[in-house]
>>> print(open('work34.cif').read())   # mmCIF, C-alpha atoms (C1' of nucleotides)
data_target
loop_
_atom_site.label_atom_id
_atom_site.label_comp_id
_atom_site.auth_asym_id
_atom_site.auth_seq_id
_atom_site.Cartn_x
_atom_site.Cartn_y
_atom_site.Cartn_z
CA MET J 238 22.08 6.94 18.88
CA SER J 239 18.78 7.70 20.51
CA ARG J 240 16.73 5.14 22.39
CA LEU J 241 13.55 6.26 20.62
CA LYS J 242 15.10 6.11 17.17
CA ASP J 243 16.05 2.50 17.83
CA LYS J 244 12.59 1.74 19.15
CA ILE J 245 10.98 3.24 16.04
CA LEU J 246 13.27 1.20 13.79
CA GLU J 247 12.53 -1.97 15.74
CA VAL J 248 8.76 -1.47 15.74
CA SER J 249 8.73 -0.49 12.06
CA THR J 250 10.68 -3.60 11.10
CA ASP J 251 8.15 -5.78 12.83
CA LEU J 252 5.07 -3.97 11.51
CA PHE J 253 6.38 -3.78 7.95
CA GLN J 254 6.97 -7.52 7.95
CA THR J 255 3.71 -8.56 9.60
CA ARG J 256 1.30 -6.04 8.01
CA GLY J 257 3.15 -4.85 4.93
CA ILE J 258 4.97 -1.57 4.35
CA ASN J 259 2.27 0.39 2.54
CA SER J 260 -0.38 -0.92 4.91
CA THR J 261 1.47 0.40 7.95
CA GLY J 262 0.86 4.07 8.68
CA VAL J 263 3.19 6.27 10.71
CA ASP J 264 0.38 6.75 13.24
CA THR J 265 0.44 3.02 13.96
CA ILE J 266 4.22 3.00 14.24
CA VAL J 267 4.39 5.80 16.79
CA ALA J 268 1.49 4.35 18.76
CA VAL J 269 3.21 0.96 19.08
CA ALA J 270 6.61 2.57 19.71
CA GLY J 271 5.06 4.70 22.45
CA THR J 272 6.02 8.06 21.02
CA THR J 273 4.66 10.75 18.69
CA LYS J 274 4.91 11.69 15.05
CA MET J 275 7.00 14.74 15.87
CA THR J 276 9.73 12.52 17.24
CA LEU J 277 9.53 10.11 14.32
CA TYR J 278 9.88 12.94 11.82
CA LYS J 279 12.78 14.35 13.77
CA TYR J 280 14.83 11.21 13.16
CA PHE J 281 13.40 10.29 9.76
CA HIS J 282 12.52 13.13 7.44
CA THR J 283 10.07 11.07 5.40
CA LYS J 284 8.46 7.66 5.60
CA GLU J 285 10.59 6.60 2.65
CA GLU J 286 13.73 7.43 4.60
CA LEU J 287 12.43 5.33 7.49
CA ILE J 288 11.76 2.39 5.16
CA LEU J 289 15.28 2.66 3.70
CA GLU J 290 16.86 2.67 7.15
CA VAL J 291 14.75 -0.29 8.25
CA LEU J 292 15.93 -2.24 5.21
CA LYS J 293 19.57 -1.31 5.81
CA LYS J 294 19.46 -2.31 9.46
CA SER J 295 17.64 -5.60 8.75
CA GLN J 296 20.19 -6.64 6.16
CA SER J 297 23.12 -5.50 8.25
CA ASP J 298 21.86 -7.45 11.26
CA PHE J 299 21.34 -10.58 9.18
CA GLN J 300 24.78 -10.37 7.56
CA THR J 301 26.47 -9.79 10.88
CA TRP J 302 24.68 -12.74 12.44
CA LEU J 303 25.49 -15.06 9.55
CA ASP J 304 29.11 -13.98 9.33
CA GLU J 305 29.64 -14.59 13.01
CA LYS J 306 27.98 -18.00 12.83
CA LEU J 307 30.22 -19.07 9.97
CA ASP J 308 33.34 -17.71 11.65
CA ASN J 309 32.61 -19.49 14.91
CA SER J 310 31.88 -22.82 13.29
CA SER J 311 34.89 -23.26 11.07
CA LYS J 312 37.81 -21.32 9.72
CA LYS J 313 38.23 -23.63 6.75
CA PRO J 314 36.82 -22.01 3.60
CA ALA J 315 35.75 -25.36 2.14
CA ASP J 316 33.47 -25.94 5.14
CA LYS J 317 31.78 -22.55 5.09
CA ILE J 318 29.98 -22.90 1.78
CA GLN J 319 28.64 -26.24 2.99
CA LEU J 320 27.52 -24.77 6.31
CA LEU J 321 25.81 -21.78 4.72
CA PHE J 322 22.43 -23.40 4.27
CA ASP J 323 22.56 -24.94 7.73
CA TYR J 324 22.63 -21.47 9.24
CA ILE J 325 20.09 -20.14 6.78
CA GLU J 326 17.84 -22.94 7.98
CA GLU J 327 18.44 -21.94 11.59
CA TRP J 328 17.57 -18.37 10.69
CA VAL J 329 14.46 -19.19 8.66
CA THR J 330 13.03 -21.66 11.17
CA SER J 331 13.63 -19.40 14.15
CA PRO J 332 10.35 -18.23 15.72
CA SER J 333 11.46 -14.62 15.33
CA PHE J 334 11.80 -14.97 11.56
CA LEU J 335 9.27 -12.78 9.81
CA GLY J 336 10.68 -12.70 6.29
CA MET J 337 13.42 -11.14 4.21
CA GLY J 338 13.17 -7.39 4.05
CA PHE J 339 14.42 -6.79 0.54
CA ILE J 340 12.25 -9.50 -1.00
CA LYS J 341 9.04 -8.05 0.36
CA ALA J 342 10.09 -4.45 -0.26
CA SER J 343 10.90 -5.08 -3.92
CA ALA J 344 7.42 -6.55 -4.39
CA GLU J 345 5.70 -3.58 -2.76
CA PHE J 346 7.77 -1.11 -4.80
CA PRO J 347 8.05 -2.80 -8.20
CA ASN J 348 9.25 0.26 -10.10
CA GLU J 349 12.98 -0.19 -10.75
CA GLU J 350 13.54 3.57 -10.45
CA ASN J 351 12.13 3.68 -6.93
CA PRO J 352 14.84 4.20 -4.27
CA ILE J 353 13.39 1.42 -2.11
CA HIS J 354 13.39 -0.99 -5.03
CA LYS J 355 16.93 0.04 -5.92
CA LEU J 356 18.17 -0.65 -2.40
CA SER J 357 16.40 -4.02 -2.32
CA SER J 358 17.96 -4.98 -5.62
CA GLN J 359 21.38 -3.91 -4.39
CA GLN J 360 21.02 -5.95 -1.20
CA SER J 361 20.04 -9.01 -3.19
CA ARG J 362 23.10 -8.55 -5.40
CA GLU J 363 25.38 -8.04 -2.40
CA PHE J 364 24.16 -11.19 -0.75
CA ARG J 365 24.80 -13.11 -3.96
CA GLN J 366 28.33 -11.69 -4.03
CA TYR J 367 28.76 -12.80 -0.44
CA ILE J 368 27.90 -16.36 -1.46
CA ALA J 369 30.25 -16.03 -4.44
CA LYS J 370 33.06 -15.00 -2.10
CA LEU J 371 32.45 -18.08 0.03
CA ALA J 372 32.47 -20.25 -3.09
CA THR J 373 35.65 -18.68 -4.40
CA GLU J 374 37.44 -19.22 -1.10
CA ALA J 375 36.27 -22.82 -1.16
CA SER J 376 38.19 -23.19 -4.44
CA ILE J 377 35.12 -23.90 -6.52
CA LYS J 378 35.84 -23.39 -10.18
CA ASP J 379 32.79 -21.53 -11.44
CA ALA J 380 32.06 -19.77 -8.20
CA ASP J 381 29.84 -17.03 -9.62
CA SER J 382 27.64 -19.52 -11.41
CA LEU J 383 27.20 -21.67 -8.32
CA ALA J 384 26.56 -18.59 -6.19
CA LEU J 385 23.74 -17.48 -8.46
CA GLN J 386 22.16 -20.92 -8.39
CA LEU J 387 22.40 -21.05 -4.60
CA SER J 388 20.94 -17.57 -4.31
CA LEU J 389 17.92 -18.72 -6.31
CA LEU J 390 17.41 -21.60 -3.91
CA PHE J 391 17.81 -19.21 -1.01
CA GLU J 392 15.33 -16.63 -2.26
CA GLY J 393 12.92 -19.34 -3.33
CA ALA J 394 13.02 -20.95 0.09
CA VAL J 395 12.58 -17.63 1.89
CA GLN J 396 9.67 -16.82 -0.42
CA ALA J 397 8.08 -20.20 0.34
CA GLU J 398 8.53 -19.68 4.07
CA GLN J 399 6.99 -16.20 3.86
CA MET J 400 3.95 -17.69 2.18
CA LYS J 401 3.53 -20.54 4.61
CA ARG J 402 5.36 -20.59 7.89
CA GLY J 403 6.73 -24.01 8.73
CA SER J 404 6.58 -25.06 5.09
CA GLY J 405 9.86 -26.93 5.46
CA ALA J 406 10.96 -25.62 2.08
CA ILE J 407 14.41 -24.83 3.42
CA LYS J 408 15.06 -28.57 3.95
CA TYR J 409 14.67 -29.14 0.22
CA ALA J 410 16.77 -26.08 -0.58
CA LYS J 411 19.50 -27.61 1.57
CA LYS J 412 19.32 -30.92 -0.27
CA ALA J 413 19.41 -29.23 -3.65
CA ALA J 414 22.26 -26.97 -2.54
CA LYS J 415 24.31 -29.98 -1.46
CA ILE J 416 23.88 -31.60 -4.86
CA LEU J 417 24.86 -28.40 -6.68
CA ILE J 418 27.86 -27.73 -4.44
CA ASP J 419 29.14 -31.30 -4.73
CA GLY J 420 28.75 -31.16 -8.49
CA ALA J 421 30.63 -27.88 -8.75
CA HIS J 422 33.92 -28.97 -7.22
CA MET A 246 -18.88 -11.71 -20.00
CA SER A 247 -18.80 -7.95 -20.39
CA ARG A 248 -16.24 -6.07 -22.46
CA LEU A 249 -15.68 -3.54 -19.65
CA LYS A 250 -15.22 -6.20 -17.01
CA ASP A 251 -12.44 -7.71 -19.11
CA LYS A 252 -10.88 -4.32 -19.68
CA ILE A 253 -10.90 -3.60 -15.94
CA LEU A 254 -9.28 -6.96 -15.22
CA GLU A 255 -6.65 -6.39 -17.89
CA VAL A 256 -5.80 -2.88 -16.75
CA SER A 257 -5.74 -3.91 -13.09
CA THR A 258 -3.36 -6.77 -13.81
CA ASP A 259 -0.95 -4.40 -15.50
CA LEU A 260 -1.17 -1.66 -12.88
CA PHE A 261 -0.90 -4.04 -9.94
CA GLN A 262 2.27 -5.48 -11.42
CA THR A 263 3.91 -2.22 -12.42
CA ARG A 264 2.88 0.02 -9.51
CA GLY A 265 1.95 -2.44 -6.78
CA ILE A 266 -1.47 -3.48 -5.56
CA ASN A 267 -1.87 -1.20 -2.55
CA SER A 268 -0.38 1.69 -4.46
CA THR A 269 -2.98 1.41 -7.21
CA GLY A 270 -6.29 3.10 -6.40
CA VAL A 271 -9.57 2.27 -8.08
CA ASP A 272 -9.68 5.81 -9.45
CA THR A 273 -6.51 5.13 -11.41
CA ILE A 274 -7.86 1.82 -12.65
CA VAL A 275 -11.10 3.24 -14.01
CA ALA A 276 -9.28 6.21 -15.56
CA VAL A 277 -6.90 3.93 -17.47
CA ALA A 278 -9.69 1.50 -18.35
CA GLY A 279 -11.76 4.38 -19.65
CA THR A 280 -14.79 3.82 -17.43
CA THR A 281 -16.15 4.89 -14.05
CA LYS A 282 -16.15 3.59 -10.51
CA MET A 283 -19.85 2.78 -10.70
CA THR A 284 -19.14 0.26 -13.42
CA LEU A 285 -16.17 -1.20 -11.60
CA TYR A 286 -18.18 -1.71 -8.43
CA LYS A 287 -20.98 -3.27 -10.44
CA TYR A 288 -18.69 -6.12 -11.53
CA PHE A 289 -16.48 -6.27 -8.43
CA HIS A 290 -18.17 -5.60 -5.12
CA THR A 291 -14.95 -4.60 -3.37
CA LYS A 292 -11.34 -3.92 -4.32
CA GLU A 293 -10.39 -7.16 -2.58
CA GLU A 294 -12.72 -9.09 -4.87
CA LEU A 295 -11.10 -7.42 -7.88
CA ILE A 296 -7.63 -8.36 -6.64
CA LEU A 297 -8.71 -11.97 -6.12
CA GLU A 298 -10.15 -12.19 -9.63
CA VAL A 299 -7.02 -10.63 -11.13
CA LEU A 300 -4.90 -13.24 -9.36
CA LYS A 301 -7.14 -16.09 -10.50
CA LYS A 302 -7.14 -14.95 -14.12
CA SER A 303 -3.36 -14.38 -14.18
CA GLN A 304 -2.64 -17.83 -12.84
CA SER A 305 -5.21 -19.48 -15.08
CA ASP A 306 -3.78 -17.75 -18.16
CA PHE A 307 -0.24 -18.79 -17.25
CA GLN A 308 -1.20 -22.39 -16.60
CA THR A 309 -3.17 -22.61 -19.83
CA TRP A 310 -0.27 -21.15 -21.82
CA LEU A 311 2.28 -23.48 -20.22
CA ASP A 312 0.12 -26.56 -20.57
CA GLU A 313 -0.46 -25.90 -24.25
CA LYS A 314 3.25 -25.30 -24.86
CA LEU A 315 4.16 -28.60 -23.22
CA ASP A 316 1.43 -30.48 -25.06
CA ASN A 317 2.47 -29.11 -28.44
CA SER A 318 6.15 -29.85 -27.96
CA SER A 319 6.08 -33.44 -26.87
CA LYS A 320 3.67 -36.09 -25.74
CA LYS A 321 6.36 -38.08 -23.97
CA PRO A 322 6.18 -37.52 -20.22
CA ALA A 323 9.93 -37.89 -19.81
CA ASP A 324 10.50 -34.90 -22.11
CA LYS A 325 8.03 -32.58 -20.45
CA ILE A 326 9.82 -32.21 -17.14
CA GLN A 327 12.98 -31.38 -19.06
CA LEU A 328 11.20 -28.83 -21.24
CA LEU A 329 9.47 -27.14 -18.32
CA PHE A 330 12.22 -24.62 -17.62
CA ASP A 331 12.68 -23.89 -21.31
CA TYR A 332 9.13 -22.57 -21.47
CA ILE A 333 9.44 -20.82 -18.15
CA GLU A 334 12.44 -19.05 -19.62
CA GLU A 335 10.43 -18.09 -22.66
CA TRP A 336 7.72 -16.75 -20.39
CA VAL A 337 10.04 -14.85 -18.05
CA THR A 338 12.13 -13.29 -20.81
CA SER A 339 9.12 -12.22 -22.86
CA PRO A 340 8.79 -8.41 -23.03
CA SER A 341 5.26 -8.67 -21.69
CA PHE A 342 6.42 -10.41 -18.51
CA LEU A 343 5.76 -8.19 -15.51
CA GLY A 344 6.07 -10.68 -12.68
CA MET A 345 4.28 -13.50 -10.95
CA GLY A 346 1.01 -12.42 -9.41
CA PHE A 347 0.94 -14.64 -6.37
CA ILE A 348 4.53 -13.89 -5.39
CA LYS A 349 3.97 -10.15 -5.27
CA ALA A 350 0.52 -10.44 -3.71
CA SER A 351 1.75 -12.60 -0.86
CA ALA A 352 4.38 -9.99 -0.07
CA GLU A 353 1.89 -7.14 -0.05
CA PHE A 354 -0.53 -9.11 2.12
CA PRO A 355 1.75 -10.97 4.54
CA ASN A 356 -0.94 -11.96 7.02
CA GLU A 357 -1.65 -15.67 6.52
CA GLU A 358 -5.31 -15.15 7.42
CA ASN A 359 -5.82 -12.63 4.63
CA PRO A 360 -7.91 -14.01 1.72
CA ILE A 361 -5.44 -12.63 -0.84
CA HIS A 362 -2.53 -14.24 0.96
CA LYS A 363 -4.46 -17.51 1.22
CA LEU A 364 -5.17 -17.56 -2.52
CA SER A 365 -1.52 -16.76 -3.32
CA SER A 366 -0.35 -19.56 -1.07
CA GLN A 367 -2.82 -21.94 -2.69
CA GLN A 368 -1.66 -21.01 -6.19
CA SER A 369 1.95 -21.57 -5.23
CA ARG A 370 1.03 -24.99 -3.86
CA GLU A 371 -0.98 -25.88 -6.96
CA PHE A 372 1.87 -24.98 -9.26
CA ARG A 373 4.20 -27.15 -7.18
CA GLN A 374 1.71 -30.01 -7.53
CA TYR A 375 1.65 -29.41 -11.27
CA ILE A 376 5.43 -29.87 -11.38
CA ALA A 377 5.09 -32.95 -9.19
CA LYS A 378 2.58 -34.42 -11.65
CA LEU A 379 5.05 -33.88 -14.51
CA ALA A 380 7.80 -35.52 -12.45
CA THR A 381 5.61 -38.48 -11.53
CA GLU A 382 4.62 -39.04 -15.15
CA ALA A 383 8.31 -38.90 -16.07
CA SER A 384 8.83 -41.88 -13.73
CA ILE A 385 11.06 -39.99 -11.32
CA LYS A 386 11.27 -41.82 -8.04
CA ASP A 387 10.99 -39.06 -5.44
CA ALA A 388 8.82 -36.83 -7.58
CA ASP A 389 7.47 -34.66 -4.76
CA SER A 390 10.93 -33.92 -3.45
CA LEU A 391 12.23 -32.95 -6.89
CA ALA A 392 9.14 -30.86 -7.56
CA LEU A 393 9.67 -28.86 -4.41
CA GLN A 394 13.31 -28.25 -5.27
CA LEU A 395 12.38 -27.15 -8.79
CA SER A 396 9.66 -24.88 -7.46
CA LEU A 397 12.24 -23.13 -5.27
CA LEU A 398 14.41 -22.53 -8.33
CA PHE A 399 11.38 -21.29 -10.22
CA GLU A 400 10.21 -18.86 -7.54
CA GLY A 401 13.77 -17.72 -6.91
CA ALA A 402 14.32 -17.00 -10.59
CA VAL A 403 11.02 -15.14 -10.92
CA GLN A 404 11.85 -13.15 -7.82
CA ALA A 405 15.27 -12.27 -9.27
CA GLU A 406 13.70 -11.24 -12.56
CA GLN A 407 11.14 -9.08 -10.76
CA MET A 408 13.96 -7.27 -9.00
CA LYS A 409 16.06 -6.73 -12.08
CA ARG A 410 14.65 -7.26 -15.53
CA GLY A 411 17.05 -9.04 -17.82
CA SER A 412 18.98 -10.42 -14.88
CA GLY A 413 19.44 -13.72 -16.70
CA ALA A 414 18.73 -15.58 -13.48
CA ILE A 415 16.51 -18.03 -15.31
CA LYS A 416 19.52 -19.35 -17.26
CA TYR A 417 21.10 -20.43 -14.00
CA ALA A 418 17.84 -21.86 -12.75
CA LYS A 419 17.73 -23.95 -15.92
CA LYS A 420 21.26 -25.25 -15.38
CA ALA A 421 20.55 -26.11 -11.77
CA ALA A 422 17.24 -27.73 -12.71
CA LYS A 423 18.96 -29.96 -15.24
CA ILE A 424 21.45 -31.16 -12.65
CA LEU A 425 18.69 -31.90 -10.14
CA ILE A 426 16.48 -33.66 -12.68
CA ASP A 427 19.34 -35.79 -14.02
CA GLY A 428 20.30 -36.73 -10.49
CA ALA A 429 16.77 -37.74 -9.58
CA HIS A 430 16.23 -40.41 -12.19
"C1'" DA R 271 19.98 27.85 38.49
"C1'" DA R 272 19.81 28.84 33.57
"C1'" DA R 273 19.89 27.47 28.96
"C1'" DA R 274 19.61 24.14 25.53
"C1'" DT R 275 17.73 20.12 23.94
"C1'" DA R 276 14.42 16.25 23.70
"C1'" DC R 277 9.92 14.87 23.81
"C1'" DT R 278 4.77 15.07 24.14
"C1'" DA R 279 0.08 16.50 23.13
"C1'" DT R 280 -2.99 18.09 20.00
"C1'" DA R 281 -4.81 20.01 16.23
"C1'" DC R 282 -4.92 20.49 11.52
"C1'" DA R 283 -3.92 21.08 6.41
"C1'" DG R 284 -4.09 18.75 2.26
"C1'" DT R 285 -4.37 14.69 -0.20
"C1'" DT R 286 -5.86 10.15 -1.16
"C1'" DT R 287 -8.43 6.18 -0.11
"C1'" DT R 288 -12.76 2.97 -0.77
"C1'" DG R 289 -17.34 2.95 -1.64
"C1'" DT R 290 -22.16 5.10 -2.58
"C1'" DA R 291 -26.09 8.21 -4.10
"C1'" DT R 292 -28.32 10.36 -7.73
"C1'" DA R 293 -29.55 11.75 -12.25
"C1'" DA R 294 -28.67 11.85 -17.06
"C1'" DA R 295 -27.29 9.62 -21.35
"C1'" DA R 296 -26.27 5.82 -24.33
"C1'" DT R 297 -27.14 1.27 -25.89
"C1'" DA R 298 -29.64 -3.08 -26.73
"C1'" DG R 299 -33.75 -6.07 -27.09
"C1'" DT R 300 -38.37 -6.64 -28.53
"C1'" DA I 56 -40.88 3.14 -31.18
"C1'" DC I 57 -40.82 1.59 -26.58
"C1'" DT I 58 -38.66 -0.68 -22.77
"C1'" DA I 59 -35.00 -2.37 -20.09
"C1'" DT I 60 -30.39 -2.34 -19.17
"C1'" DT I 61 -25.91 -0.51 -19.16
"C1'" DT I 62 -22.86 3.13 -18.65
"C1'" DT I 63 -21.49 7.83 -17.56
"C1'" DA I 64 -20.94 12.05 -14.91
"C1'" DT I 65 -20.59 14.12 -10.76
"C1'" DA I 66 -20.75 14.84 -6.21
"C1'" DC I 67 -19.98 13.26 -1.81
"C1'" DA I 68 -19.33 10.71 2.77
"C1'" DA I 69 -16.16 8.84 5.88
"C1'" DA I 70 -11.90 7.27 6.86
"C1'" DA I 71 -6.85 7.04 6.50
"C1'" DC I 72 -2.74 8.91 4.85
"C1'" DT I 73 1.76 11.92 5.23
"C1'" DG I 74 3.64 15.74 7.10
"C1'" DT I 75 3.57 20.24 9.87
"C1'" DA I 76 2.48 24.05 13.23
"C1'" DT I 77 2.10 25.31 17.84
"C1'" DA I 78 2.58 25.18 22.61
"C1'" DG I 79 3.84 23.04 26.63
"C1'" DT I 80 6.56 19.60 29.53
"C1'" DA I 81 10.80 16.82 30.73
"C1'" DT I 82 15.35 16.09 30.69
"C1'" DT I 83 20.27 17.18 30.11
"C1'" DT I 84 24.11 20.06 29.87
"C1'" DT I 85 26.74 23.80 31.22
#
>>> encode(input="work34.cif", output="structure tokens")
Amino acid sequence: MSRLKDKILEVSTDLFQTRGINSTGVDTIVAVAGTTKMTLYKYFHTKEELILEVLKKSQSDFQTWLDEKLDNSSKKPADKIQLLFDYIEEWVTSPSFLGMGFIKASAEFPNEENPIHKLSSQQSREFRQYIAKLATEASIKDADSLALQLSLLFEGAVQAEQMKRGSGAIKYAKKAAKILIDGAH
Amino acid sequence: MSRLKDKILEVSTDLFQTRGINSTGVDTIVAVAGTTKMTLYKYFHTKEELILEVLKKSQSDFQTWLDEKLDNSSKKPADKIQLLFDYIEEWVTSPSFLGMGFIKASAEFPNEENPIHKLSSQQSREFRQYIAKLATEASIKDADSLALQLSLLFEGAVQAEQMKRGSGAIKYAKKAAKILIDGAH
DNA sequence: AAAATACTATACAGTTTTGTATAAAATAGT
DNA sequence: ACTATTTTATACAAAACTGTATAGTATTTT
């Protein structure tokens, strides 16, 4: 993969999060990335394609990071579901946290037929299934139900943190999650 | 207040929710409202001012509706906090539900210095305080803590419903809310 | 060294954006 | 009926937007 393609993806991710997707023009992206529109359109045929790739990479990076964290902390399935919100807190409170891609994207492209909205919706569903897998492996009886409840806390906390950085909302999500997990065993 | 001003507000609310705020031009708004830009700019000096008024009216309408529902159902404070999510479910599952204004607006205007973002953030905080008031009146000990947890479930469920209509997420939010409320007494 | 590829620089087409100027028409108040 | 206000119709300015055409410069690859 090209160095410039990566740079464009990296810069776009940052600008989309800090200024909004529709409010960020390709001229701004190439200026910050230190390249030209010709190069951008060589790697991404349209702006929509760029947005989709940004979303895919953001989610992939997050999932990889989280998976590795959980694997390195404990191999016992019962521990992982408990540790989940600890690492989400670490992620959300990190200075580099700018928001969750698919949450913002789905708000900017509210039409359910829009490819960007579709991808966002799919990513949200996949993350919920990831939590459900953790819950299932932890031998929780109604794993899908708990996973959905935890995903609501997660998205709510991310939303709160996007609105007001340092809100501390994730601390309350953690407390609520603990109650729900303990009650589900 | 003018008939056309109301019509512009009404049409804008709908278009902002269904197409996005930045993706909706004033030309589209006046065309759907059946008027002209001159009239729009007579009542709203800038598009930003229009957006702010749309947000204020949306939130005010929601709060008024919810408050009346709670007042008509029970006068006992202990009941109200329990009924809260029942009415939120009614609101979210109504065919006319298109989303929560301040959640989408804060995503489209991520900069915390932006007036639209500031108003969204304020509305989110005020709704949380409204829940906290209900919890306090219901004699719940750590009312603020519970209110924040419930607000995360609320915003998470709305977010889920915005992504996929008919997701049923609010049912799970209700279940989780019941557990948290029962545990907080 | 020659050829192929990657990248830049610049200009521009075509559309869309917010906001305004100007003049005519409709409506309401007295 | 006359006046004042509201609303429309239309045109336009100025900027920003996505995407492309063209021509030249670097950089790799063979």
>>> atom_distance(input="work34.cif", atom1="atom CA of Lys409 of chain A", atom2="atom CA of Glu350 of chain J")
10.7 Å
>>> resolve_selection(input="work34.cif", expression="the PyMOL selection byres ((chain R) within 10 of (chain J))", output="VMD selection string")
chain R and resid 276 to 279
>>> resolve_selection(input="work34.cif", expression="the PyMOL selection byres ((chain J) within 12 of (chain I))", output="PyMOL selection string")
chain J and resi 259-265+274-275+277-279+281-285
>>> interface_residues(input="work34.cif", of="chain A", to="chain J", cutoff="10 Å", atoms="only C-alpha atoms", output="PyMOL selection string")
chain A and resi 261-268+343-344+347-357+362-363+365-367+369-370+390-405+407-410+414-422+424-425+428
>>> resolve_selection(input="work34.cif", expression="the PyMOL selection byres ((chain J and resi 372-377) around 12)", output="short mmCIF file (atom, residue, chain, number, x, y, z; two decimals) with C-alpha atoms, in the coordinates of the input")
data_model
loop_
_atom_site.label_atom_id
_atom_site.label_comp_id
_atom_site.auth_asym_id
_atom_site.auth_seq_id
_atom_site.Cartn_x
_atom_site.Cartn_y
_atom_site.Cartn_z
CA LYS J 312 37.81 -21.32 9.72
CA LYS J 313 38.23 -23.63 6.75
CA PRO J 314 36.82 -22.01 3.60
CA ALA J 315 35.75 -25.36 2.14
CA ASP J 316 33.47 -25.94 5.14
CA LYS J 317 31.78 -22.55 5.09
CA ILE J 318 29.98 -22.90 1.78
CA GLN J 319 28.64 -26.24 2.99
CA LEU J 320 27.52 -24.77 6.31
CA LEU J 321 25.81 -21.78 4.72
CA ARG J 365 24.80 -13.11 -3.96
CA GLN J 366 28.33 -11.69 -4.03
CA TYR J 367 28.76 -12.80 -0.44
CA ILE J 368 27.90 -16.36 -1.46
CA ALA J 369 30.25 -16.03 -4.44
CA LYS J 370 33.06 -15.00 -2.10
CA LEU J 371 32.45 -18.08 0.03
CA LYS J 378 35.84 -23.39 -10.18
CA ASP J 379 32.79 -21.53 -11.44
CA ALA J 380 32.06 -19.77 -8.20
CA ASP J 381 29.84 -17.03 -9.62
CA SER J 382 27.64 -19.52 -11.41
CA LEU J 383 27.20 -21.67 -8.32
CA ALA J 384 26.56 -18.59 -6.19
CA LEU J 385 23.74 -17.48 -8.46
CA GLN J 386 22.16 -20.92 -8.39
CA LEU J 387 22.40 -21.05 -4.60
CA SER J 388 20.94 -17.57 -4.31
CA LEU J 417 24.86 -28.40 -6.68
CA ILE J 418 27.86 -27.73 -4.44
CA ASP J 419 29.14 -31.30 -4.73
CA GLY J 420 28.75 -31.16 -8.49
CA ALA J 421 30.63 -27.88 -8.75
CA HIS J 422 33.92 -28.97 -7.22
#
>>> atom_distance(input="work34.cif", atom1="atom CA of Trp302 of chain J", atom2="atom CA of Ile353 of chain J")
23.2 Å
>>> atom_distance(input="work34.cif", atom1="atom C1' of DG289 of chain R", atom2="atom CA of Leu295 of chain A")
13.6 Å
>>> axis_aligned_box(input="work34.cif", around="segment 76-80 of chain I", padding_each_side="8 Å", output="AutoDock Vina command-line options")
--center_x 4.3 --center_y 22.5 --center_z 21.4 --size_x 20.5 --size_y 21.7 --size_z 32.3
>>> residues_near_point(input="work34.cif", point="(15.1, -7.9, -19.5)", cutoff="9 Å", atoms="all atoms listed in the file", output="PyMOL selection string")
chain A and resi 337-340+406+409-413
>>> build_atoms(input="work34.cif", residues="segment 296-306 of chain A", atoms="N, CA and C atoms", output="PDB file, keeping the file's coordinate frame")
ATOM      1  N   ILE A 296      -8.985  -7.813  -6.760  1.00  0.00           N
ATOM      2  CA  ILE A 296      -7.630  -8.360  -6.640  1.00  0.00           C
ATOM      3  C   ILE A 296      -7.660  -9.884  -6.761  1.00  0.00           C
ATOM      4  N   LEU A 297      -8.610 -10.512  -6.075  1.00  0.00           N
ATOM      5  CA  LEU A 297      -8.710 -11.970  -6.120  1.00  0.00           C
ATOM      6  C   LEU A 297      -8.975 -12.463  -7.549  1.00  0.00           C
ATOM      7  N   GLU A 298      -9.842 -11.766  -8.256  1.00  0.00           N
ATOM      8  CA  GLU A 298     -10.150 -12.190  -9.630  1.00  0.00           C
ATOM      9  C   GLU A 298      -8.972 -11.962 -10.566  1.00  0.00           C
ATOM     10  N   VAL A 299      -8.231 -10.882 -10.328  1.00  0.00           N
ATOM     11  CA  VAL A 299      -7.020 -10.630 -11.130  1.00  0.00           C
ATOM     12  C   VAL A 299      -6.023 -11.765 -10.917  1.00  0.00           C
ATOM     13  N   LEU A 300      -5.848 -12.152  -9.670  1.00  0.00           N
ATOM     14  CA  LEU A 300      -4.900 -13.240  -9.360  1.00  0.00           C
ATOM     15  C   LEU A 300      -5.346 -14.547 -10.023  1.00  0.00           C
ATOM     16  N   LYS A 301      -6.638 -14.841  -9.923  1.00  0.00           N
ATOM     17  CA  LYS A 301      -7.140 -16.090 -10.500  1.00  0.00           C
ATOM     18  C   LYS A 301      -6.938 -16.117 -12.011  1.00  0.00           C
ATOM     19  N   LYS A 302      -7.260 -14.999 -12.670  1.00  0.00           N
ATOM     20  CA  LYS A 302      -7.140 -14.950 -14.120  1.00  0.00           C
ATOM     21  C   LYS A 302      -5.659 -15.047 -14.546  1.00  0.00           C
ATOM     22  N   SER A 303      -4.788 -14.338 -13.845  1.00  0.00           N
ATOM     23  CA  SER A 303      -3.360 -14.380 -14.180  1.00  0.00           C
ATOM     24  C   SER A 303      -2.831 -15.793 -14.119  1.00  0.00           C
ATOM     25  N   GLN A 304      -3.152 -16.476 -13.033  1.00  0.00           N
ATOM     26  CA  GLN A 304      -2.640 -17.830 -12.840  1.00  0.00           C
ATOM     27  C   GLN A 304      -3.238 -18.786 -13.864  1.00  0.00           C
ATOM     28  N   SER A 305      -4.520 -18.628 -14.100  1.00  0.00           N
ATOM     29  CA  SER A 305      -5.210 -19.480 -15.080  1.00  0.00           C
ATOM     30  C   SER A 305      -4.616 -19.290 -16.477  1.00  0.00           C
ATOM     31  N   ASP A 306      -4.371 -18.029 -16.856  1.00  0.00           N
ATOM     32  CA  ASP A 306      -3.780 -17.750 -18.160  1.00  0.00           C
ATOM     33  C   ASP A 306      -2.396 -18.369 -18.289  1.00  0.00           C
TER      34      ASP A 306
END
